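A.B. asks: I am sharing coords05.pdb, which consists of PDB, C-alpha atoms:
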ATOM      1  CA  LEU A   1      65.567   1.631 -30.265
ATOM      2  CA  HIS A   2      63.304   4.537 -29.425
ATOM      3  CA  VAL A   3      60.995   3.792 -26.510
ATOM      4  CA  VAL A   4      57.886   5.889 -25.893
ATOM      5  CA  PRO A   5      57.178   6.429 -22.189
ATOM      6  CA  GLY A   6      54.156   4.413 -21.071
ATOM      7  CA  ARG A   7      51.852   4.412 -18.102
ATOM      8  CA  ASP A   8      52.519   2.986 -14.679
ATOM      9  CA  ARG A   9      51.214  -0.482 -14.008
ATOM     10  CA  GLU A  10      47.535  -0.470 -13.040
ATOM     11  CA  SER A  11      46.899  -0.837  -9.337
ATOM     12  CA  VAL A  12      44.543  -3.454  -7.919
ATOM     13  CA  ASP A  13      42.135  -0.750  -6.718
ATOM     14  CA  GLY A  14      42.186   0.874 -10.151
ATOM     15  CA  ALA A  15      41.434  -2.439 -11.842
ATOM     16  CA  VAL A  16      38.517  -3.062  -9.491
ATOM     17  CA  LEU A  17      37.038   0.360 -10.245
ATOM     18  CA  ARG A  18      37.454  -0.152 -13.986
ATOM     19  CA  MET A  19      35.714  -3.518 -13.857
ATOM     20  CA  GLN A  20      32.848  -2.034 -11.855
ATOM     21  CA  GLU A  21      32.392   0.624 -14.535
ATOM     22  CA  ILE A  22      32.338  -2.050 -17.234
ATOM     23  CA  TRP A  23      29.806  -4.167 -15.341
ATOM     24  CA  THR A  24      27.455  -1.231 -14.671
ATOM     25  CA  SER A  25      27.640   0.222 -18.190
ATOM     26  CA  THR A  26      24.839  -0.803 -20.548
ATOM     27  CA  SER A  27      25.772  -1.903 -24.045
ATOM     28  CA  ARG A  28      22.757  -4.189 -24.490
ATOM     29  CA  ALA A  29      19.401  -4.227 -22.738
ATOM     30  CA  ALA A  30      18.932  -7.475 -20.849
ATOM     31  CA  THR A  31      16.801  -6.707 -17.789
ATOM     32  CA  GLU A  32      13.727  -4.587 -17.118
ATOM     33  CA  GLU A  33      15.919  -2.102 -15.267
ATOM     34  CA  ASP A  34      18.203  -1.843 -18.303
ATOM     35  CA  TYR A  35      15.302  -0.826 -20.539
ATOM     36  CA  GLU A  36      14.013   1.673 -17.986
ATOM     37  CA  ASN A  37      17.438   3.289 -17.501
ATOM     38  CA  ILE A  38      18.039   3.436 -21.259
ATOM     39  CA  ALA A  39      14.663   5.109 -21.817
ATOM     40  CA  LYS A  40      15.317   7.668 -19.084
ATOM     41  CA  ALA A  41      18.637   8.514 -20.759
ATOM     42  CA  THR A  42      16.949   9.487 -24.055
ATOM     43  CA  PRO A  43      18.829  12.548 -25.382
ATOM     44  CA  GLY A  44      16.798  15.750 -25.421
ATOM     45  CA  ARG A  45      13.807  14.259 -23.592
ATOM     46  CA  ARG A  46      12.961  14.401 -19.888
ATOM     47  CA  VAL A  47      11.537  10.973 -19.193
ATOM     48  CA  ALA A  48       9.984  10.999 -15.734
ATOM     49  CA  VAL A  49       8.639   7.445 -15.723
ATOM     50  CA  ALA A  50       9.715   4.363 -17.657
ATOM     51  CA  ARG A  51       8.108   1.042 -16.793
ATOM     52  CA  ALA A  52       9.260  -2.080 -18.628
ATOM     53  CA  ILE A  53       6.742  -4.950 -18.779
ATOM     54  CA  PRO A  54       8.191  -8.163 -20.235
ATOM     55  CA  LEU A  55       6.097 -10.711 -22.150
ATOM     56  CA  TYR A  56       3.217  -8.245 -22.342
ATOM     57  CA  ASN A  57       1.181  -7.077 -25.314
ATOM     58  CA  PRO A  58      -1.332  -4.353 -24.321
ATOM     59  CA  GLN A  59      -3.651  -5.430 -27.134
ATOM     60  CA  SER A  60      -3.919  -9.003 -25.865
ATOM     61  CA  ASN A  61      -5.790 -10.585 -22.985
ATOM     62  CA  LEU A  62      -4.603  -9.458 -19.531
ATOM     63  CA  ALA A  63      -3.468 -12.956 -18.554
ATOM     64  CA  GLU A  64      -1.825 -13.809 -21.871
ATOM     65  CA  ARG A  65       1.976 -13.840 -22.039
ATOM     66  CA  THR A  66       3.525 -12.840 -25.369
ATOM     67  CA  PRO A  67       6.976 -14.363 -25.999
ATOM     68  CA  ALA A  68       9.857 -12.137 -27.168
ATOM     69  CA  MET A  69       7.927  -8.929 -26.504
ATOM     70  CA  LEU A  70       8.475  -6.124 -24.028
ATOM     71  CA  THR A  71       6.200  -3.133 -23.536
ATOM     72  CA  LEU A  72       7.755   0.090 -22.278
ATOM     73  CA  VAL A  73       5.397   2.648 -20.738
ATOM     74  CA  VAL A  74       6.849   6.166 -20.595
ATOM     75  CA  LEU A  75       5.760   9.511 -19.187
ATOM     76  CA  PRO A  76       7.344  12.956 -19.611
ATOM     77  CA  TYR A  77       8.026  15.383 -16.782
ATOM     78  CA  SER A  78       4.942  17.602 -16.527
ATOM     79  CA  GLY A  79       2.978  19.644 -14.033
ATOM     80  CA  ARG A  80      -0.327  18.594 -15.599
ATOM     81  CA  PRO A  81      -2.719  16.251 -13.773
ATOM     82  CA  PHE A  82      -2.593  13.616 -16.530
ATOM     83  CA  PRO A  83       0.696  13.933 -18.411
ATOM     84  CA  MET A  84       0.887  12.173 -21.771
ATOM     85  CA  PRO A  85       3.789  11.815 -24.199
ATOM     86  CA  ASP A  86       3.166  12.955 -27.762
ATOM     87  CA  GLU A  87       4.219  10.918 -30.797
ATOM     88  CA  ARG A  88       7.481  12.823 -31.194
ATOM     89  CA  PHE A  89       8.416  12.039 -27.587
ATOM     90  CA  LEU A  90       7.575   8.351 -28.075
ATOM     91  CA  GLY A  91       9.569   8.273 -31.310
ATOM     92  CA  CYS A  92      12.689   9.608 -29.586
ATOM     93  CA  VAL A  93      12.442   6.950 -26.882
ATOM     94  CA  ARG A  94      11.919   4.239 -29.527
ATOM     95  CA  GLN A  95      15.067   5.329 -31.359
ATOM     96  CA  GLN A  96      17.008   5.307 -28.097
ATOM     97  CA  VAL A  97      15.844   1.819 -27.108
ATOM     98  CA  GLU A  98      16.346   0.437 -30.605
ATOM     99  CA  LYS A  99      20.110   0.904 -30.277
ATOM    100  CA  TYR A 100      20.261  -1.425 -27.284
ATOM    101  CA  ARG A 101      17.535  -4.035 -27.702
ATOM    102  CA  PRO A 102      18.409  -7.632 -28.651
ATOM    103  CA  ILE A 103      17.411  -8.574 -32.198
ATOM    104  CA  CYS A 104      15.091 -11.309 -30.927
ATOM    105  CA  THR A 105      13.032  -8.948 -28.734
ATOM    106  CA  GLU A 106      10.224  -6.720 -29.978
ATOM    107  CA  VAL A 107       9.875  -3.544 -27.912
ATOM    108  CA  ARG A 108       6.756  -1.410 -27.936
ATOM    109  CA  VAL A 109       7.034   2.097 -26.479
ATOM    110  CA  ILE A 110       3.590   3.360 -25.525
ATOM    111  CA  PRO A 111       1.830   5.970 -23.376
ATOM    112  CA  PRO A 112      -0.148   4.859 -20.313
ATOM    113  CA  VAL A 113      -3.904   4.506 -20.145
ATOM    114  CA  TYR A 114      -5.606   6.404 -17.318
ATOM    115  CA  VAL A 115      -8.439   4.476 -15.667
ATOM    116  CA  GLY A 116     -10.903   5.900 -13.171
ATOM    117  CA  VAL A 117     -11.509   4.227  -9.821
ATOM    118  CA  SER A 118     -14.485   5.075  -7.601
ATOM    119  CA  VAL A 119     -14.199   5.005  -3.801
ATOM    120  CA  ARG A 120     -16.981   4.727  -1.244
ATOM    121  CA  VAL A 121     -15.905   4.953   2.392
ATOM    122  CA  ASP A 122     -17.696   4.865   5.726
ATOM    123  CA  VAL A 123     -15.732   6.828   8.311
ATOM    124  CA  ILE A 124     -16.082   7.520  12.019
ATOM    125  CA  ALA A 125     -15.536  11.184  12.890
ATOM    126  CA  ARG A 126     -16.530  13.954  15.277
ATOM    127  CA  GLU A 127     -15.690  17.019  13.194
ATOM    128  CA  ARG A 128     -18.176  18.788  10.949
ATOM    129  CA  GLU A 129     -19.114  17.017   7.723
ATOM    130  CA  GLU A 130     -17.543  19.520   5.338
ATOM    131  CA  LEU A 131     -14.142  19.284   7.034
ATOM    132  CA  VAL A 132     -14.166  15.484   7.124
ATOM    133  CA  LYS A 133     -15.044  15.188   3.446
ATOM    134  CA  GLU A 134     -12.441  17.772   2.482
ATOM    135  CA  GLU A 135      -9.681  15.976   4.395
ATOM    136  CA  VAL A 136     -10.655  12.562   3.014
ATOM    137  CA  ARG A 137     -10.609  13.986  -0.511
ATOM    138  CA  ARG A 138      -7.203  15.537   0.077
ATOM    139  CA  ALA A 139      -5.805  12.285   1.481
ATOM    140  CA  LEU A 140      -7.015  10.268  -1.507
ATOM    141  CA  ASP A 141      -5.836  12.848  -4.034
ATOM    142  CA  LYS A 142      -2.375  12.525  -2.501
ATOM    143  CA  PHE A 143      -2.597   8.720  -2.480
ATOM    144  CA  PHE A 144      -3.439   8.479  -6.171
ATOM    145  CA  ALA A 145      -0.910  11.170  -7.132
ATOM    146  CA  VAL A 146       1.913   9.302  -5.396
ATOM    147  CA  ALA A 147       0.871   6.049  -7.041
ATOM    148  CA  ARG A 148       0.668   7.599 -10.496
ATOM    149  CA  GLY A 149       4.275   7.422 -11.589
ATOM    150  CA  GLU A 150       5.649   4.639  -9.433
ATOM    151  CA  GLN A 151       2.836   2.103  -9.672
ATOM    152  CA  VAL A 152       2.016   1.733 -13.351
ATOM    153  CA  GLY A 153      -0.228  -1.307 -13.618
ATOM    154  CA  ARG A 154      -0.337  -1.959  -9.879
ATOM    155  CA  PRO A 155      -3.781  -2.857  -8.478
ATOM    156  CA  VAL A 156      -5.508  -0.290  -6.276
ATOM    157  CA  GLN A 157      -5.626  -2.139  -2.971
ATOM    158  CA  GLU A 158      -8.560  -1.690  -0.637
ATOM    159  CA  SER A 159      -6.279  -1.911   2.406
ATOM    160  CA  ALA A 160      -4.043   0.859   1.050
ATOM    161  CA  VAL A 161      -7.038   3.122   0.422
ATOM    162  CA  ILE A 162      -8.289   2.479   3.952
ATOM    163  CA  GLY A 163      -4.856   3.387   5.271
ATOM    164  CA  ALA A 164      -4.832   6.635   3.305
ATOM    165  CA  VAL A 165      -8.317   7.609   4.498
ATOM    166  CA  GLY A 166      -7.463   6.669   8.078
ATOM    167  CA  GLY A 167      -4.535   9.069   7.912
ATOM    168  CA  ALA A 168      -6.827  12.065   7.499
ATOM    169  CA  GLY A 169      -6.679  14.166  10.642
ATOM    170  CA  SER A 170     -10.413  14.288  11.340
ATOM    171  CA  VAL A 171     -11.026  10.571  10.759
ATOM    172  CA  LEU A 172     -11.139   8.424  13.896
ATOM    173  CA  GLY A 173     -11.667   5.159  12.035
ATOM    174  CA  VAL A 174     -12.789   3.557   8.769
ATOM    175  CA  ALA A 175     -15.851   1.328   9.085
ATOM    176  CA  GLY A 176     -16.035   0.258   5.448
ATOM    177  CA  CYS A 177     -14.594   0.760   1.984
ATOM    178  CA  THR A 178     -15.753  -0.220  -1.503
ATOM    179  CA  LEU A 179     -13.759   0.282  -4.690
ATOM    180  CA  GLY A 180     -15.030   0.026  -8.236
ATOM    181  CA  SER A 181     -14.334   0.804 -11.871
ATOM    182  CA  THR A 182     -16.454   0.659 -15.006
ATOM    183  CA  VAL A 183     -13.468   0.931 -17.357
ATOM    184  CA  ALA A 184     -12.960  -1.967 -19.759
ATOM    185  CA  GLY A 185     -10.103  -4.193 -18.665
ATOM    186  CA  CYS A 186     -10.541  -3.390 -14.958
ATOM    187  CA  ARG A 187     -12.076  -5.746 -12.420
ATOM    188  CA  VAL A 188     -12.564  -6.060  -8.678
ATOM    189  CA  ASN A 189     -10.963  -9.173  -7.180
ATOM    190  CA  LYS A 190     -12.081 -11.199  -4.158
ATOM    191  CA  HIS A 191     -10.066  -8.952  -1.826
ATOM    192  CA  GLY A 192     -11.916  -5.834  -2.970
ATOM    193  CA  ASP A 193      -8.917  -4.519  -4.919
ATOM    194  CA  VAL A 194      -9.314  -2.985  -8.380
ATOM    195  CA  VAL A 195      -7.075  -4.822 -10.849
ATOM    196  CA  ILE A 196      -6.098  -2.586 -13.768
ATOM    197  CA  PRO A 197      -4.290  -3.288 -17.065
ATOM    198  CA  ARG A 198      -0.529  -3.540 -16.619
ATOM    199  CA  HIS A 199       0.083  -0.412 -18.713
ATOM    200  CA  ALA A 200      -2.582   1.644 -16.917
ATOM    201  CA  ILE A 201      -2.494   4.304 -14.212
ATOM    202  CA  ALA A 202      -5.398   4.659 -11.788
ATOM    203  CA  TYR A 203      -6.926   7.964 -10.722
ATOM    204  CA  LEU A 204      -9.769   8.900  -8.393
ATOM    205  CA  SER A 205     -12.864   9.350 -10.566
ATOM    206  CA  ALA A 206     -15.582   9.484  -7.884
ATOM    207  CA  LEU A 207     -15.710   9.718  -4.101
ATOM    208  CA  GLU A 208     -18.585   9.016  -1.742
ATOM    209  CA  VAL A 209     -18.038   9.613   1.982
ATOM    210  CA  HIS A 210     -20.487   8.494   4.664
ATOM    211  CA  ILE A 211     -19.871   9.784   8.179
ATOM    212  CA  PHE A 212     -20.808   8.023  11.385
ATOM    213  CA  ARG A 213     -20.646   9.898  14.660
ATOM    214  CA  GLN A 214     -18.987   8.363  17.687
TER     215      GLN A 214
END
Go through the file and emit its structure as structure tokens.
C.D. replies:
Amino acid sequence: LHVVPGRDRESVDGAVLRMQEIWTSTSRAATEEDYENIAKATPGRRVAVARAIPLYNPQSNLAERTPAMLTLVVLPYSGRPFPMPDERFLGCVRQQVEKYRPICTEVRVIPPVYVGVSVRVDVIAREREELVKEEVRRALDKFFAVARGEQVGRPVQESAVIGAVGGAGSVLGVAGCTLGSTVAGCRVNKHGDVVIPRHAIAYLSALEVHIFRQ
């Protein structure tokens, strides 16, 4: 009987590592993170942002939950102020996700919607007006830029805006803040926050700074 040499018996540590690889590998999309990781792994496309929103149809009412549907918002890597995926980019991501989605789930891969938010702030400062306004503008530009990719659909909170403005070097304090938006689908809640559609990204559309001297 001819015996072909085999491998040594698998060690316990080796078995543990192999099982961890199996558990972390994605053969079917089940969670929001699965869909986001699968989208980011689209061959030939640099997907910077992928946000999975379960039970959400962007064409329906904001509060309505749509069974067996998941919306996937994607953005490409870009140095432009308002990056947008073209139809070819979206098609590649759709093909990638289609290989992993459960049959019972409808997945819509869409671009984001950019919605403008206006900010009016009353600040306490001693420096000259031009410097104060310039630093407040810079602080808010940074705030909205940071939020752009990581906070798709997240409300613009009044307290967060106040914190960003208060971080400007020439600002001693923030006496008041008012946020607003005239874009359809946006509203201001009782806390003064601007609630935006879940597939939207907010940007600073208008800024009004009033300075009070101490």
A.B. asks: Since I can't run it myself right now, could you work out what the PyMOL selection byres ((chain A and resi 212) around 7) selects here and report it as a VMD selection string?
C.D. replies: chain A and resid 123 to 125 210 to 211 213 to 214
A.B. asks: Can you measure CA of Ala68 (chain A) to CA of Arg198 (chain A) for me? One decimal in Å is fine.
C.D. replies: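 A separation of 17.1 Å between them.
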A.B. asks: Please expand the PyMOL selection byres ((chain A and resi 188) around 12) into the concrete residues it hits in this file, giving the result as an NGL selection string.
C.D. replies: :A and (117-118 or 155-158 or 178-187 or 189-196)
A.B. asks: Any idea what the distance is between CA of Val74 (chain A) and CA of Val49 (chain A)?
C.D. replies: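 Atom-to-atom, CA of Val74 (chain A) to CA of Val49 (chain A), that is 5.3 Å.
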A.B. asks: For the structure shown, which residues end up in the PyMOL selection byres ((chain A and resi 76) around 9)? Put them as a VMD selection string, please?
C.D. replies: chain A and resid 45 to 49 74 to 75 77 to 78 83 to 85 89
A.B. asks: Pick out the closest residue to Asp122 (chain A) from this set: A:Glu134, A:Glu64, A:Ala50, A:Leu207. Count only C-alpha atoms.
C.D. replies: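 Nearest to Asp122 (chain A): A:Leu207.
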A.B. asks: Hey, could you pull the box centre and edge lengths for region 110-127 of chain A, axis-aligned, 8 Å padding per side, all listed atoms, to one decimal in Å, as AutoDock Vina command-line options?
C.D. replies:
--center_x -7.1 --center_y 10.2 --center_z -5.1 --size_x 37.3 --size_y 29.7 --size_z 56.8
A.B. asks: When you count all atoms listed in the file, which of these residues is closest to Val121 (chain A): A:Pro58, A:Gly91, A:Gly173, A:Gly79?
C.D. replies: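 Going through A:Pro58, A:Gly91, A:Gly173, A:Gly79 one by one, the smallest distance to Val121 (chain A) is for A:Gly173.
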A.B. asks: Which residue, A:Ala164, A:Val132, A:Ile53, A:Ala30, has the smallest gap to Arg65 (chain A) when you use all atoms listed in the file?
C.D. replies: A:Ile53
A.B. asks: Residues within 8 Å of Ala52 (chain A), please, as an MDAnalysis selection string. Count only C-alpha atoms; anything in the same chain fewer than 6 positions from it doesn't count.
C.D. replies: chainID A and resid 32:33 35:36 70:73
A.B. asks: Counting only C-alpha atoms, which residues sit no farther than 10 Å from the position (3.2, 4.9, -14.4) in the file's frame? I'd like them as a CSV table (one decimal) with C-alpha atoms, in the frame of the given file.
C.D. replies:
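File result.csv, as written:
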chain,number,residue,atom,x,y,z
A,48,ALA,CA,10.0,11.0,-15.7
A,49,VAL,CA,8.6,7.4,-15.7
A,50,ALA,CA,9.7,4.4,-17.7
A,51,ARG,CA,8.1,1.0,-16.8
A,73,VAL,CA,5.4,2.6,-20.7
A,74,VAL,CA,6.8,6.2,-20.6
A,75,LEU,CA,5.8,9.5,-19.2
A,111,PRO,CA,1.8,6.0,-23.4
A,112,PRO,CA,-0.1,4.9,-20.3
A,113,VAL,CA,-3.9,4.5,-20.1
A,114,TYR,CA,-5.6,6.4,-17.3
A,147,ALA,CA,0.9,6.0,-7.0
A,148,ARG,CA,0.7,7.6,-10.5
A,149,GLY,CA,4.3,7.4,-11.6
A,150,GLU,CA,5.6,4.6,-9.4
A,151,GLN,CA,2.8,2.1,-9.7
A,152,VAL,CA,2.0,1.7,-13.4
A,153,GLY,CA,-0.2,-1.3,-13.6
A,154,ARG,CA,-0.3,-2.0,-9.9
A,198,ARG,CA,-0.5,-3.5,-16.6
A,199,HIS,CA,0.1,-0.4,-18.7
A,200,ALA,CA,-2.6,1.6,-16.9
A,201,ILE,CA,-2.5,4.3,-14.2
A,202,ALA,CA,-5.4,4.7,-11.8
A.B. asks: I need the residue nearest Ala145 (chain A) from this list: A:Pro81, A:Glu98, A:Glu106, A:Leu17. Use all atoms listed in the file for the distance.
C.D. replies: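 Distance minimum relative to Ala145 (chain A) lands on A:Pro81.
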A.B. asks: Starting from the sparse input, extend region 62-76 of chain A to N, CA, C and O atoms and give the output as a compact mmCIF listing (two decimals), keeping the file's coordinate frame.
C.D. replies:
# COMPACT_ATOMS: atom_id res chain seq x y z
N LEU A 62 -5.42 -9.83 -20.68
CA LEU A 62 -4.60 -9.46 -19.53
C LEU A 62 -3.70 -10.59 -19.06
O LEU A 62 -2.57 -10.37 -18.65
N ALA A 63 -4.22 -11.83 -19.10
CA ALA A 63 -3.47 -12.96 -18.55
C ALA A 63 -2.54 -13.60 -19.58
O ALA A 63 -1.77 -14.49 -19.23
N GLU A 64 -2.62 -13.18 -20.81
CA GLU A 64 -1.82 -13.81 -21.87
C GLU A 64 -0.39 -13.29 -21.87
O GLU A 64 -0.15 -12.09 -21.78
N ARG A 65 0.56 -14.20 -21.97
CA ARG A 65 1.98 -13.84 -22.04
C ARG A 65 2.44 -13.95 -23.49
O ARG A 65 2.21 -14.96 -24.15
N THR A 66 3.08 -12.88 -23.98
CA THR A 66 3.52 -12.84 -25.37
C THR A 66 5.04 -13.02 -25.42
O THR A 66 5.77 -12.14 -24.95
N PRO A 67 5.52 -14.13 -25.96
CA PRO A 67 6.98 -14.36 -26.00
C PRO A 67 7.70 -13.30 -26.82
O PRO A 67 7.17 -12.75 -27.78
N ALA A 68 8.95 -13.03 -26.43
CA ALA A 68 9.86 -12.14 -27.17
C ALA A 68 9.28 -10.74 -27.36
O ALA A 68 9.58 -10.07 -28.35
N MET A 69 8.47 -10.29 -26.43
CA MET A 69 7.93 -8.93 -26.50
C MET A 69 8.08 -8.23 -25.16
O MET A 69 7.93 -8.84 -24.11
N LEU A 70 8.40 -6.95 -25.22
CA LEU A 70 8.48 -6.12 -24.03
C LEU A 70 7.77 -4.81 -24.31
O LEU A 70 8.01 -4.18 -25.35
N THR A 71 6.90 -4.41 -23.41
CA THR A 71 6.20 -3.13 -23.54
C THR A 71 6.81 -2.14 -22.57
O THR A 71 7.03 -2.45 -21.40
N LEU A 72 7.12 -0.95 -23.08
CA LEU A 72 7.76 0.09 -22.28
C LEU A 72 6.81 1.28 -22.19
O LEU A 72 6.51 1.93 -23.19
N VAL A 73 6.32 1.53 -20.98
CA VAL A 73 5.40 2.65 -20.74
C VAL A 73 6.21 3.85 -20.27
O VAL A 73 6.98 3.75 -19.31
N VAL A 74 6.05 4.98 -20.93
CA VAL A 74 6.85 6.17 -20.60
C VAL A 74 5.96 7.38 -20.37
O VAL A 74 4.88 7.51 -20.96
N LEU A 75 6.43 8.25 -19.49
CA LEU A 75 5.76 9.51 -19.19
C LEU A 75 6.79 10.64 -19.17
O LEU A 75 7.89 10.46 -18.64
N PRO A 76 6.44 11.81 -19.70
CA PRO A 76 7.34 12.96 -19.61
C PRO A 76 7.17 13.68 -18.28
O PRO A 76 6.15 13.53 -17.60
